[in-house]
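Below is one structure; the comments refer to it alone.
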Amino acid sequence: MSKEHLQEVVKEKYGAAAKQVAAGGVTASGGGGELSCCDPITKDLYDASQTAALPKEAVAASLGCGNPTVLAKLQPAEIVLDLGSGGGIDVLLSAKRVGPTGKAYGLDMTDEMLTLARENQKKAGVENVEFLKGAIENIPLPENSVDVIISNCVINLSGDKDRVLREAFRVLKPGGRLAISDVVVRGEVPADIRKSIELWVGCVAGALEEFEYRDKLFSSGFENIDIEPTRVYKVEEARDFLSAAGLDVEAVAPRVDGKFMSAFVRATKPHPKTACRAPKG
Ligand SMILES: C[S@@+](CC[C@H](N)C(=O)[O-])C[C@H]1O[C@@H](n2cnc3c(N)ncnc32)[C@H](O)[C@@H]1O
């Protein structure tokens, strides 16, 4: 699939999800067709104290696989950017954490999601938020302008992950932090099985293997790279979906269990190296 076609498929999928929420429904993360209340990927990511103050449509549109706003340790006055902000749940939570002297940007390419997110912002009555239209492969912000980049289950959807990571590096200030939740694969998984699991999780373009992820972050210039599993999927959770795809669940289980996970991916943009002067005399 070409990168352009892939983006169209992703836009269509999330455009439909946004419309579903706007019509009073809830969303499904992957291809499993389950609702987010019972979906093993999206369920129980936020505690009630976080969601109580949010519009119900922002919560209903939650399609992430982690809770980057908690893990990112956001501080007052920071500038935050959420890559693939969807219905805006993490942007609204970030805005609260950085307070009125900070700002939270959401970036998304799907019009219906941007409309939903802006309505959610209005309902939440939050002012230090701005939703931008654009692709995460081409971030519409200047270099060195953001303290923290968060993202929740979006990088796996991109057909050009190197470019996304280079763009994230560019817009971060020196010392800035990347703090994202994403689906990650641990170790080798046969291609056909991998494809079915990724469809179940909802990864259209394919999740990165853990060491591949580290290599890409390192090549983009990041340091202090860390990948921490937050939820490891069991093949049992995908039983119905995998059976319908023609896979023998008992046979594939030992080759898959423990290999697909939601993870928290951290890295920092280094400060420029200062030149060392030779001591005089
Ligand atoms: C899985 S949803 C996650 C939404 C949100 N982060 C959350 O936790 O609910 C993916 C979102 O990323 C957006 N998206 C996917 N690929 C993108 C890209 N290449 N550029 C910009 N937005 C993208 C989709 O439109 C969708 O709103």
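Every chain in the structure tokens takes a letter, A first, then B, and so on in the order presented; its residues are numbered from 1, and the ligands are numbered from 1 following the presented order.
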
Can you write out as a Markdown table which residues of chain A fall within 7 Å of ligand 1, alongside each residue's closest atom pair and its distance in Å to one decimal, counting only C-alpha atoms and all ligand atoms and ordering rows by chain and ascending residue number?
| residue | atom | partner | partner_atom_place_in_ligand_line | distance |
| --- | --- | --- | --- | --- |
| A:Gln7 | CA | ligand 1 | 19 (N) | 6.3 |
| A:Val10 | CA | ligand 1 | 15 (C) | 6.0 |
| A:Lys11 | CA | ligand 1 | 25 (O) | 5.4 |
| A:Tyr14 | CA | ligand 1 | 25 (O) | 5.2 |
| A:Gly15 | CA | ligand 1 | 25 (O) | 6.9 |
| A:Ser29 | CA | ligand 1 | 1 (C) | 6.4 |
| A:Ala61 | CA | ligand 1 | 9 (O) | 5.8 |
| A:Ser62 | CA | ligand 1 | 9 (O) | 3.5 |
| A:Leu63 | CA | ligand 1 | 9 (O) | 3.6 |
| A:Gly64 | CA | ligand 1 | 8 (O) | 3.3 |
| A:Cys65 | CA | ligand 1 | 8 (O) | 6.9 |
| A:Leu83 | CA | ligand 1 | 22 (N) | 6.6 |
| A:Gly84 | CA | ligand 1 | 12 (O) | 3.5 |
| A:Ser85 | CA | ligand 1 | 6 (N) | 4.3 |
| A:Gly86 | CA | ligand 1 | 27 (O) | 3.3 |
| A:Gly87 | CA | ligand 1 | 9 (O) | 6.0 |
| A:Gly88 | CA | ligand 1 | 5 (C) | 6.6 |
| A:Ile89 | CA | ligand 1 | 9 (O) | 6.2 |
| A:Asp90 | CA | ligand 1 | 8 (O) | 6.5 |
| A:Leu107 | CA | ligand 1 | 21 (C) | 6.3 |
| A:Asp108 | CA | ligand 1 | 22 (N) | 3.7 |
| A:Met109 | CA | ligand 1 | 21 (C) | 4.1 |
| A:Thr110 | CA | ligand 1 | 25 (O) | 4.4 |
| A:Met113 | CA | ligand 1 | 27 (O) | 5.5 |
| A:Gly134 | CA | ligand 1 | 21 (C) | 5.7 |
| A:Ala135 | CA | ligand 1 | 20 (N) | 3.4 |
| A:Ile136 | CA | ligand 1 | 20 (N) | 4.1 |
| A:Glu137 | CA | ligand 1 | 19 (N) | 6.1 |
| A:Ser151 | CA | ligand 1 | 6 (N) | 5.8 |
| A:Asn152 | CA | ligand 1 | 6 (N) | 4.2 |
| A:Cys153 | CA | ligand 1 | 1 (C) | 5.1 |
| A:Val154 | CA | ligand 1 | 10 (C) | 4.9 |
| A:Leu157 | CA | ligand 1 | 16 (N) | 5.4 |
| A:Ser158 | CA | ligand 1 | 19 (N) | 5.2 |

Can you check which residues of range 73-269 of chain A DSSP gives as alpha helix (DSSP H) on the backbone and send them as a PyMOL selection string? chain A and resi 89-98+111-124+161-171+191-201+210-219+239-244+249-256

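Put simply, CA of Leu93 in chain A is 6.8 Å away from CA of Thr69 in chain A.
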
Find the residue from A:Glu57, A:Glu188, A:Asp111, A:Asp215 that sits nearest to Lys123 in chain A; use only C-alpha atoms when measuring. A:Glu57

Where does range 155-236 of chain A meet range 241-260 of chain A within 8 Å, residue by residue, with the nearest atom pair and distance in Å to one decimal for each, counting only C-alpha atoms, listed by chain and rising number, as a tab-separated table?
residue	atom	partner	partner_atom	distance
A:Val183	CA	A:Phe260	CA	7.1
A:Val184	CA	A:Phe260	CA	6.1
A:Val185	CA	A:Phe260	CA	4.7
A:Arg186	CA	A:Lys259	CA	4.7
A:Gly187	CA	A:Lys259	CA	6.6
A:Val189	CA	A:Val256	CA	6.7
A:Ile193	CA	A:Val252	CA	7.5
A:Ser196	CA	A:Leu242	CA	6.7
A:Ile197	CA	A:Leu242	CA	7.4
A:Trp200	CA	A:Phe241	CA	6.7
A:Val232	CA	A:Gly258	CA	5.9
A:Tyr233	CA	A:Phe260	CA	5.7
A:Lys234	CA	A:Asp257	CA	5.4
A:Val235	CA	A:Asp257	CA	5.7
A:Glu236	CA	A:Ala253	CA	7.9

Quick check for you: according to DSSP on this backbone, which residues of range 38-213 of chain A are classed as strand (DSSP E)? Reply as a ChimeraX atom specification. /A:79-83,103-108,129-133,146-152,172-185,208-209

Can you tell me which residues surround range 143-149 of chain A at a distance of at most 9 Å, considering only C-alpha atoms, apart from same-chain residues fewer than 5 positions away, and format the answer as a PyMOL selection string? chain A and resi 72+74+78-83+167-180

Kindly export the residues of the current selection with C-alpha atoms, as a PDB file, in the first residue's frame.
ATOM      1  CA  ALA A  72       5.040  12.275  30.810  1.00  0.00           C
ATOM      2  CA  LEU A  74       3.974  17.379  32.677  1.00  0.00           C
ATOM      3  CA  GLU A  78       5.178  23.608  29.549  1.00  0.00           C
ATOM      4  CA  ILE A  79       4.214  23.502  25.842  1.00  0.00           C
ATOM      5  CA  VAL A  80       2.860  20.065  24.906  1.00  0.00           C
ATOM      6  CA  LEU A  81       2.112  18.611  21.483  1.00  0.00           C
ATOM      7  CA  ASP A  82      -0.080  15.515  21.022  1.00  0.00           C
ATOM      8  CA  LEU A  83       0.598  13.689  17.738  1.00  0.00           C
ATOM      9  CA  GLU A 167       9.891  15.767  12.841  1.00  0.00           C
ATOM     10  CA  ALA A 168       9.325  15.184  16.562  1.00  0.00           C
ATOM     11  CA  PHE A 169      13.037  15.779  17.163  1.00  0.00           C
ATOM     12  CA  ARG A 170      12.979  18.983  15.079  1.00  0.00           C
ATOM     13  CA  VAL A 171      10.100  20.665  16.948  1.00  0.00           C
ATOM     14  CA  LEU A 172      11.278  19.686  20.440  1.00  0.00           C
ATOM     15  CA  LYS A 173      13.368  22.218  22.346  1.00  0.00           C
ATOM     16  CA  PRO A 174      16.837  21.048  23.413  1.00  0.00           C
ATOM     17  CA  GLY A 175      16.252  18.976  26.566  1.00  0.00           C
ATOM     18  CA  GLY A 176      12.639  18.371  25.420  1.00  0.00           C
ATOM     19  CA  ARG A 177      10.971  15.026  26.055  1.00  0.00           C
ATOM     20  CA  LEU A 178       9.250  12.503  23.854  1.00  0.00           C
ATOM     21  CA  ALA A 179       6.730  10.590  26.005  1.00  0.00           C
ATOM     22  CA  ILE A 180       4.448   8.404  23.952  1.00  0.00           C
TER      23      ILE A 180
END

For CA of Arg266 in chain A and CA of Asp226 in chain A, the interatomic separation in Å (one decimal): 5.1 Å
